[in-house]
There are 2 protein chains.
Amino acid sequence: MARVVVDVMPKPEILDPQGQAVAGALGRLGFSGVAAVRQGKHFELEVDDDVDDEVLAEIAEGFLANPVIEQWTVRRLDS
Amino acid sequence: MARVVVDVMPKPEILDPQGQAVAGALGRLGFSGVAAVRQGKHFELEVDDDVDDEVLAEIAEGFLANPVIEQWTVRRLDS
């Protein structure tokens, strides 16, 4: 079993109202040092050892992210 | 400016129906090698250099995560 992390974020050119709301709220709560927040999704997968990077890319691109508006990264965790 | 990542995940003892739905769907789509999926949130913050780890922990624990059901990690990105 391998542990894999897929992070899915809105593309830089896409507005992120959720992240903006968080940044605004933190400012109002007194955390003045936070200039910007972007919010995305974080997936942790347990996969068989024979699942290669190509399959992981297919899963991330096709099913975890919406590639029109989101970008993704895949990272294997040591363990 | 420093870039900081906060990952928020459901605690291990908390059911994660969203992640289970993703795992089930991947299985039905033919990705048989995926044993489990857990889904959480991924935040990317741009913060002033004088924002220290204590403040980041306060932000993560108090505002980005619900500490009753979620755990969080804070990680600074090099750049």
# chains A, B, ... in the order shown; residues from 1 in each chain; ligands from 1
>>> closest_atom_pairs(of="chain B", to="chain A", cutoff="7 Å", atoms="only C-alpha atoms", output="Markdown table")
| residue | atom | partner | partner_atom | distance |
| --- | --- | --- | --- | --- |
| B:Asp7 | CA | A:His42 | CA | 7.0 |
| B:Gly33 | CA | A:Asp48 | CA | 5.1 |
| B:Val34 | CA | A:Val47 | CA | 4.4 |
| B:Ala35 | CA | A:Glu46 | CA | 5.4 |
| B:Ala36 | CA | A:Glu46 | CA | 5.1 |
| B:Val37 | CA | A:Leu45 | CA | 4.5 |
| B:Arg38 | CA | A:Glu44 | CA | 5.2 |
| B:Gln39 | CA | A:Phe43 | CA | 4.6 |
| B:Gly40 | CA | A:His42 | CA | 4.9 |
| B:Lys41 | CA | A:Lys41 | CA | 4.5 |
| B:His42 | CA | A:Gly40 | CA | 4.9 |
| B:Phe43 | CA | A:Gln39 | CA | 4.6 |
| B:Glu44 | CA | A:Arg38 | CA | 5.2 |
| B:Leu45 | CA | A:Val37 | CA | 4.5 |
| B:Glu46 | CA | A:Ala36 | CA | 5.1 |
| B:Val47 | CA | A:Val34 | CA | 4.4 |
| B:Asp48 | CA | A:Gly33 | CA | 5.1 |
| B:Val51 | CA | A:Gly33 | CA | 6.3 |
>>> calpha_fit_and_write(fixed="chain B", moving="chain A", output="PDB file with C-alpha atoms, in the first residue's frame")
ATOM      1  CA  MET A   1       5.882  37.448   1.950  1.00  0.00           C
ATOM      2  CA  ALA A   2       5.856  33.797   2.929  1.00  0.00           C
ATOM      3  CA  ARG A   3       3.728  31.077   1.427  1.00  0.00           C
ATOM      4  CA  VAL A   4       2.082  28.720   3.850  1.00  0.00           C
ATOM      5  CA  VAL A   5      -0.018  25.621   3.258  1.00  0.00           C
ATOM      6  CA  VAL A   6      -2.647  24.475   5.742  1.00  0.00           C
ATOM      7  CA  ASP A   7      -4.182  21.050   5.146  1.00  0.00           C
ATOM      8  CA  VAL A   8      -7.352  20.228   7.050  1.00  0.00           C
ATOM      9  CA  MET A   9      -8.521  16.607   7.205  1.00  0.00           C
ATOM     10  CA  PRO A  10     -11.292  14.774   9.031  1.00  0.00           C
ATOM     11  CA  LYS A  11      -9.864  13.050  12.109  1.00  0.00           C
ATOM     12  CA  PRO A  12      -9.161   9.335  11.594  1.00  0.00           C
ATOM     13  CA  GLU A  13     -12.041   8.305  13.852  1.00  0.00           C
ATOM     14  CA  ILE A  14     -14.509  10.504  11.940  1.00  0.00           C
ATOM     15  CA  LEU A  15     -16.418   8.980   9.032  1.00  0.00           C
ATOM     16  CA  ASP A  16     -15.715  10.686   5.722  1.00  0.00           C
ATOM     17  CA  PRO A  17     -18.663  10.011   3.396  1.00  0.00           C
ATOM     18  CA  GLN A  18     -17.260  12.348   0.733  1.00  0.00           C
ATOM     19  CA  GLY A  19     -14.020  10.386   0.563  1.00  0.00           C
ATOM     20  CA  GLN A  20     -15.897   7.078   0.625  1.00  0.00           C
ATOM     21  CA  ALA A  21     -18.038   8.238  -2.297  1.00  0.00           C
ATOM     22  CA  VAL A  22     -14.925   9.113  -4.294  1.00  0.00           C
ATOM     23  CA  ALA A  23     -13.329   5.748  -3.486  1.00  0.00           C
ATOM     24  CA  GLY A  24     -16.508   3.921  -4.499  1.00  0.00           C
ATOM     25  CA  ALA A  25     -16.822   5.869  -7.734  1.00  0.00           C
ATOM     26  CA  LEU A  26     -13.189   5.201  -8.683  1.00  0.00           C
ATOM     27  CA  GLY A  27     -13.777   1.492  -8.121  1.00  0.00           C
ATOM     28  CA  ARG A  28     -16.834   1.490 -10.367  1.00  0.00           C
ATOM     29  CA  LEU A  29     -14.872   3.400 -13.016  1.00  0.00           C
ATOM     30  CA  GLY A  30     -12.295   0.634 -13.151  1.00  0.00           C
ATOM     31  CA  PHE A  31      -9.554   1.961 -10.875  1.00  0.00           C
ATOM     32  CA  SER A  32      -9.389  -1.160  -8.760  1.00  0.00           C
ATOM     33  CA  GLY A  33      -6.129  -0.282  -7.035  1.00  0.00           C
ATOM     34  CA  VAL A  34      -7.562   2.506  -4.876  1.00  0.00           C
ATOM     35  CA  ALA A  35      -8.300   1.111  -1.441  1.00  0.00           C
ATOM     36  CA  ALA A  36      -9.392   4.256   0.382  1.00  0.00           C
ATOM     37  CA  VAL A  37      -9.827   7.983  -0.119  1.00  0.00           C
ATOM     38  CA  ARG A  38     -10.176  10.705   2.457  1.00  0.00           C
ATOM     39  CA  GLN A  39     -11.042  14.231   1.441  1.00  0.00           C
ATOM     40  CA  GLY A  40     -10.154  17.434   3.197  1.00  0.00           C
ATOM     41  CA  LYS A  41      -9.371  21.042   2.516  1.00  0.00           C
ATOM     42  CA  HIS A  42      -6.189  22.660   1.271  1.00  0.00           C
ATOM     43  CA  PHE A  43      -5.473  26.310   1.965  1.00  0.00           C
ATOM     44  CA  GLU A  44      -2.621  28.363   0.516  1.00  0.00           C
ATOM     45  CA  LEU A  45      -1.926  31.555   2.434  1.00  0.00           C
ATOM     46  CA  GLU A  46       0.312  34.471   1.604  1.00  0.00           C
ATOM     47  CA  VAL A  47       1.430  35.964   4.883  1.00  0.00           C
ATOM     48  CA  ASP A  48       3.827  38.673   5.979  1.00  0.00           C
ATOM     49  CA  ASP A  49       7.247  37.459   7.054  1.00  0.00           C
ATOM     50  CA  ASP A  50       6.580  38.474  10.659  1.00  0.00           C
ATOM     51  CA  VAL A  51       3.649  36.043  11.004  1.00  0.00           C
ATOM     52  CA  ASP A  52       5.111  33.318  13.190  1.00  0.00           C
ATOM     53  CA  ASP A  53       4.164  29.678  13.628  1.00  0.00           C
ATOM     54  CA  GLU A  54       2.121  30.422  16.734  1.00  0.00           C
ATOM     55  CA  VAL A  55      -0.154  32.795  14.821  1.00  0.00           C
ATOM     56  CA  LEU A  56      -0.445  30.293  11.979  1.00  0.00           C
ATOM     57  CA  ALA A  57      -1.466  27.589  14.456  1.00  0.00           C
ATOM     58  CA  GLU A  58      -4.079  29.926  15.919  1.00  0.00           C
ATOM     59  CA  ILE A  59      -5.494  30.612  12.445  1.00  0.00           C
ATOM     60  CA  ALA A  60      -5.550  26.928  11.503  1.00  0.00           C
ATOM     61  CA  GLU A  61      -7.002  25.684  14.799  1.00  0.00           C
ATOM     62  CA  GLY A  62      -9.474  28.486  15.280  1.00  0.00           C
ATOM     63  CA  PHE A  63     -10.697  29.392  11.832  1.00  0.00           C
ATOM     64  CA  LEU A  64      -9.688  26.999   9.072  1.00  0.00           C
ATOM     65  CA  ALA A  65     -10.409  23.741  10.893  1.00  0.00           C
ATOM     66  CA  ASN A  66     -13.167  22.564  13.173  1.00  0.00           C
ATOM     67  CA  PRO A  67     -10.993  20.979  15.876  1.00  0.00           C
ATOM     68  CA  VAL A  68     -13.858  18.803  17.125  1.00  0.00           C
ATOM     69  CA  ILE A  69     -13.826  16.711  13.956  1.00  0.00           C
ATOM     70  CA  GLU A  70     -10.806  17.872  11.962  1.00  0.00           C
ATOM     71  CA  GLN A  71      -7.056  17.868  12.296  1.00  0.00           C
ATOM     72  CA  TRP A  72      -4.723  20.238  10.511  1.00  0.00           C
ATOM     73  CA  THR A  73      -1.104  20.624   9.474  1.00  0.00           C
ATOM     74  CA  VAL A  74       0.801  23.800   8.683  1.00  0.00           C
ATOM     75  CA  ARG A  75       3.754  23.787   6.309  1.00  0.00           C
ATOM     76  CA  ARG A  76       5.820  26.642   4.956  1.00  0.00           C
ATOM     77  CA  LEU A  77       6.710  26.509   1.268  1.00  0.00           C
ATOM     78  CA  ASP A  78      10.228  27.437   0.227  1.00  0.00           C
ATOM     79  CA  SER A  79      10.414  30.143  -2.390  1.00  0.00           C
TER      80      SER A  79
END
>>> select_by_dssp(residues="range 13-74 of chain B", states="strand (DSSP E)", output="number ranges by chain")
B: 34-47, 70-74
